[in-house]
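A.B. asks: This structure is in structure tokens; I'll ask about it shortly.
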Amino acid sequence: MLFVCHSEVILTLGRSRTVKEFLYAAKEKKRSFRVFVAEGAPRYQGHALAKELVEKGIQTTVITDSAVFAMISRVNMVIVGVHAIMANGGVIAPVGMNMVALAAQRHAVPFVVVAGSHKLCPLYPHNPEVLLNELKSPSDLLDFGEFSNCMNFSTQDGTPLLNVANPTFDYVPPKLVSLFITDTGGHSPSYMYRLISEYYSADDLVVRRKSTS
């Protein structure tokens, strides 16, 4: 376990079941800590996580995503879950995670990723914003009725004046990750490609297209 100090402060973002179970286990071992939960806008899954932690008797504080940099100096460790661990040791994580990782690096706070081995991915994120992201509905951010007067299609080139980008994921490069904790133990980002090679062979990466003729 990583919790070795009394009154340690942990920061996380959004709602990760793995992080939740990790913190529950620490609580059962009588570790003394409190948790800052960044709410994870615009889906605000951090609100649900905060409620679940409080129900387990864990002292919890909800903060806005924009307050992460202001609060990070009070934090001893960042512990987060991710969507996928890439072959280079980078991670695909909920949107806003790269901001948290940069704040942690700036204040020399360990950024720890907890994830099961099923999150290991043999691919390299050469172009993550195109290949490994998903845009959600703009309605998560703006109410159409309130902003419909901004949707003017009468511009010269026919494009709207207002565009709304609502990405689902962030890419966090391996240089911002301090440690991975998986069901096989703790690993550095530089070791992840070797761990992934134990789960995937080169044949797993070959995509064979069926003939259409």
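Starting from 1 in every chain, residues are counted up; chains themselves are A, B, ... following the order of the structure tokens, and ligands are numbered from 1 as listed.
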Report as a list in words all protein, DNA and RNA residues lying within 7 Å of Ile58 (chain A), evaluated on only C-alpha atoms, omitting residues in the same chain fewer than 3 positions from it.

C.D. replies: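 Result of the neighbour search: Arg34, Leu53 and Val54 of chain A.
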
A.B. asks: Set the distance at 9 Å and use only C-alpha atoms: which residues neighbour region 103-114 of chain A once local chain neighbours fewer than 2 positions away are removed? I'd like the list as a ChimeraX atom specification.

C.D. replies: /A:18-19,22,68-70,72-73,75-82,91,98-101,116,176-183

A.B. asks: For the selection you just gave me, I'd like the residues written to a file as a short mmCIF file (atom, residue, chain, number, x, y, z; two decimals), in the first residue's frame, keeping N, CA, C and O atoms.

C.D. replies:
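Once written, selection_3.cif looks like this:
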data_model
loop_
_atom_site.label_atom_id
_atom_site.label_comp_id
_atom_site.auth_asym_id
_atom_site.auth_seq_id
_atom_site.Cartn_x
_atom_site.Cartn_y
_atom_site.Cartn_z
N THR A 18 -12.13 1.30 -10.08
CA THR A 18 -10.86 0.77 -9.57
C THR A 18 -10.31 1.67 -8.47
O THR A 18 -9.84 1.18 -7.43
N VAL A 19 -10.33 2.97 -8.70
CA VAL A 19 -9.87 3.91 -7.66
C VAL A 19 -10.73 3.79 -6.41
O VAL A 19 -10.23 3.79 -5.28
N PHE A 22 -9.80 0.74 -4.53
CA PHE A 22 -8.46 0.95 -3.97
C PHE A 22 -8.57 1.76 -2.67
O PHE A 22 -7.94 1.43 -1.65
N VAL A 68 -8.12 22.53 -9.66
CA VAL A 68 -7.09 21.51 -9.44
C VAL A 68 -5.73 22.14 -9.19
O VAL A 68 -5.02 21.77 -8.25
N PHE A 69 -5.34 23.09 -10.03
CA PHE A 69 -4.01 23.68 -9.88
C PHE A 69 -3.90 24.46 -8.58
O PHE A 69 -2.84 24.48 -7.93
N ALA A 70 -5.00 25.08 -8.14
CA ALA A 70 -4.99 25.84 -6.90
C ALA A 70 -4.87 24.93 -5.68
O ALA A 70 -4.30 25.33 -4.65
N ILE A 72 -3.59 21.64 -5.73
CA ILE A 72 -2.63 20.55 -5.85
C ILE A 72 -1.48 20.67 -4.86
O ILE A 72 -0.89 19.66 -4.45
N SER A 73 -1.17 21.87 -4.41
CA SER A 73 -0.07 22.03 -3.45
C SER A 73 -0.40 21.42 -2.09
O SER A 73 0.49 21.17 -1.29
N VAL A 75 -1.88 18.48 -1.85
CA VAL A 75 -2.07 17.06 -2.14
C VAL A 75 -0.75 16.30 -2.01
O VAL A 75 0.30 16.79 -2.42
N ASN A 76 -0.82 15.09 -1.44
CA ASN A 76 0.36 14.23 -1.34
C ASN A 76 0.50 13.28 -2.52
O ASN A 76 1.60 12.86 -2.85
N MET A 77 -0.63 12.96 -3.15
CA MET A 77 -0.59 11.98 -4.23
C MET A 77 -1.85 12.09 -5.07
O MET A 77 -2.94 12.32 -4.54
N VAL A 78 -1.70 11.92 -6.38
CA VAL A 78 -2.83 11.81 -7.29
C VAL A 78 -3.00 10.34 -7.66
O VAL A 78 -2.04 9.68 -8.05
N ILE A 79 -4.21 9.82 -7.50
CA ILE A 79 -4.50 8.43 -7.85
C ILE A 79 -5.70 8.43 -8.80
O ILE A 79 -6.77 8.93 -8.44
N VAL A 80 -5.51 7.89 -9.98
CA VAL A 80 -6.57 7.96 -10.99
C VAL A 80 -6.75 6.62 -11.69
O VAL A 80 -5.85 5.78 -11.70
N GLY A 81 -7.91 6.46 -12.29
CA GLY A 81 -8.17 5.35 -13.19
C GLY A 81 -8.10 5.83 -14.62
O GLY A 81 -8.18 7.03 -14.88
N VAL A 82 -7.98 4.91 -15.56
CA VAL A 82 -7.83 5.28 -16.97
C VAL A 82 -8.69 4.38 -17.85
O VAL A 82 -9.16 3.32 -17.41
N VAL A 91 -1.36 7.02 -21.27
CA VAL A 91 -2.69 6.52 -20.97
C VAL A 91 -3.76 7.35 -21.67
O VAL A 91 -3.59 8.54 -21.91
N ASN A 98 -5.11 15.18 -18.33
CA ASN A 98 -3.80 15.72 -18.65
C ASN A 98 -3.53 17.00 -17.86
O ASN A 98 -2.41 17.26 -17.42
N MET A 99 -4.56 17.80 -17.66
CA MET A 99 -4.44 19.00 -16.83
C MET A 99 -4.04 18.64 -15.40
O MET A 99 -3.17 19.29 -14.80
N VAL A 100 -4.65 17.59 -14.86
CA VAL A 100 -4.30 17.14 -13.51
C VAL A 100 -2.86 16.66 -13.47
O VAL A 100 -2.11 16.96 -12.53
N ALA A 101 -2.45 15.90 -14.49
CA ALA A 101 -1.09 15.37 -14.52
C ALA A 101 -0.05 16.49 -14.62
O ALA A 101 1.01 16.43 -13.99
N GLY A 116 -6.60 -2.44 -13.95
CA GLY A 116 -6.47 -3.87 -14.15
C GLY A 116 -5.72 -4.18 -15.42
O GLY A 116 -5.61 -3.34 -16.32
N LEU A 176 4.52 11.99 -17.60
CA LEU A 176 3.74 12.58 -16.52
C LEU A 176 3.24 11.54 -15.52
O LEU A 176 2.64 11.90 -14.51
N VAL A 177 3.46 10.25 -15.81
CA VAL A 177 3.00 9.18 -14.93
C VAL A 177 4.15 8.72 -14.04
O VAL A 177 5.23 8.40 -14.52
N SER A 178 3.90 8.68 -12.74
CA SER A 178 4.94 8.25 -11.80
C SER A 178 4.98 6.75 -11.63
O SER A 178 6.05 6.14 -11.54
N LEU A 179 3.79 6.11 -11.57
CA LEU A 179 3.73 4.68 -11.26
C LEU A 179 2.42 4.10 -11.74
O LEU A 179 1.37 4.76 -11.68
N PHE A 180 2.47 2.87 -12.23
CA PHE A 180 1.27 2.10 -12.54
C PHE A 180 1.10 1.03 -11.46
O PHE A 180 2.06 0.34 -11.11
N ILE A 181 -0.10 0.88 -10.96
CA ILE A 181 -0.42 -0.22 -10.05
C ILE A 181 -1.48 -1.08 -10.72
O ILE A 181 -2.59 -0.62 -10.99
N THR A 182 -1.11 -2.31 -11.03
CA THR A 182 -2.03 -3.24 -11.68
C THR A 182 -2.21 -4.45 -10.78
O THR A 182 -1.64 -4.53 -9.68
N ASP A 183 -3.01 -5.42 -11.24
CA ASP A 183 -3.19 -6.63 -10.46
C ASP A 183 -1.94 -7.50 -10.44
O ASP A 183 -1.91 -8.52 -9.73
#

A.B. asks: Report the residues of region 10-183 of chain A whose backbone DSSP state falls under strand (DSSP E), written as JSON, numbers by chain.

C.D. replies: {"A": [10, 11, 12, 13, 33, 34, 35, 36, 37, 38, 59, 60, 61, 62, 63, 77, 78, 79, 80, 84, 85, 91, 92, 93, 94, 111, 112, 113, 114, 169, 170, 171, 172, 179, 180, 181, 182]}

A.B. asks: Compile the contact shell of Met97 (chain A) as a count of residues only: residues with an atom at most 8 Å away, counting only C-alpha atoms, same-chain residues fewer than 3 positions apart removed.

C.D. replies: 8

A.B. asks: Point out the residue among A:Pro174, A:Gly90, A:Pro42, A:Gly57 with the least atom-to-atom distance to Tyr124 (chain A), counting only C-alpha atoms.

C.D. replies: A:Gly90

A.B. asks: Have a look at A:Cys121, A:Ala84, A:Ala38, A:Leu49 and name the one nearest to Tyr193 (chain A); count only C-alpha atoms.

C.D. replies: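 Checking each candidate against Tyr193 (chain A), we get A:Cys121 as the closest.
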
A.B. asks: Identify which of the residues A:Gly40, A:Gly96, A:Pro122, A:Pro138 lies closest to Leu195 (chain A), counting only C-alpha atoms when measuring atom-to-atom distances.

C.D. replies: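 The shortest atom-to-atom distance to Leu195 (chain A) comes from A:Pro122.
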
A.B. asks: Quick one, how far is CA of His187 (chain A) from CA of Arg31 (chain A)?

C.D. replies: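 Distance reported for this atom pair: 22.6 Å.
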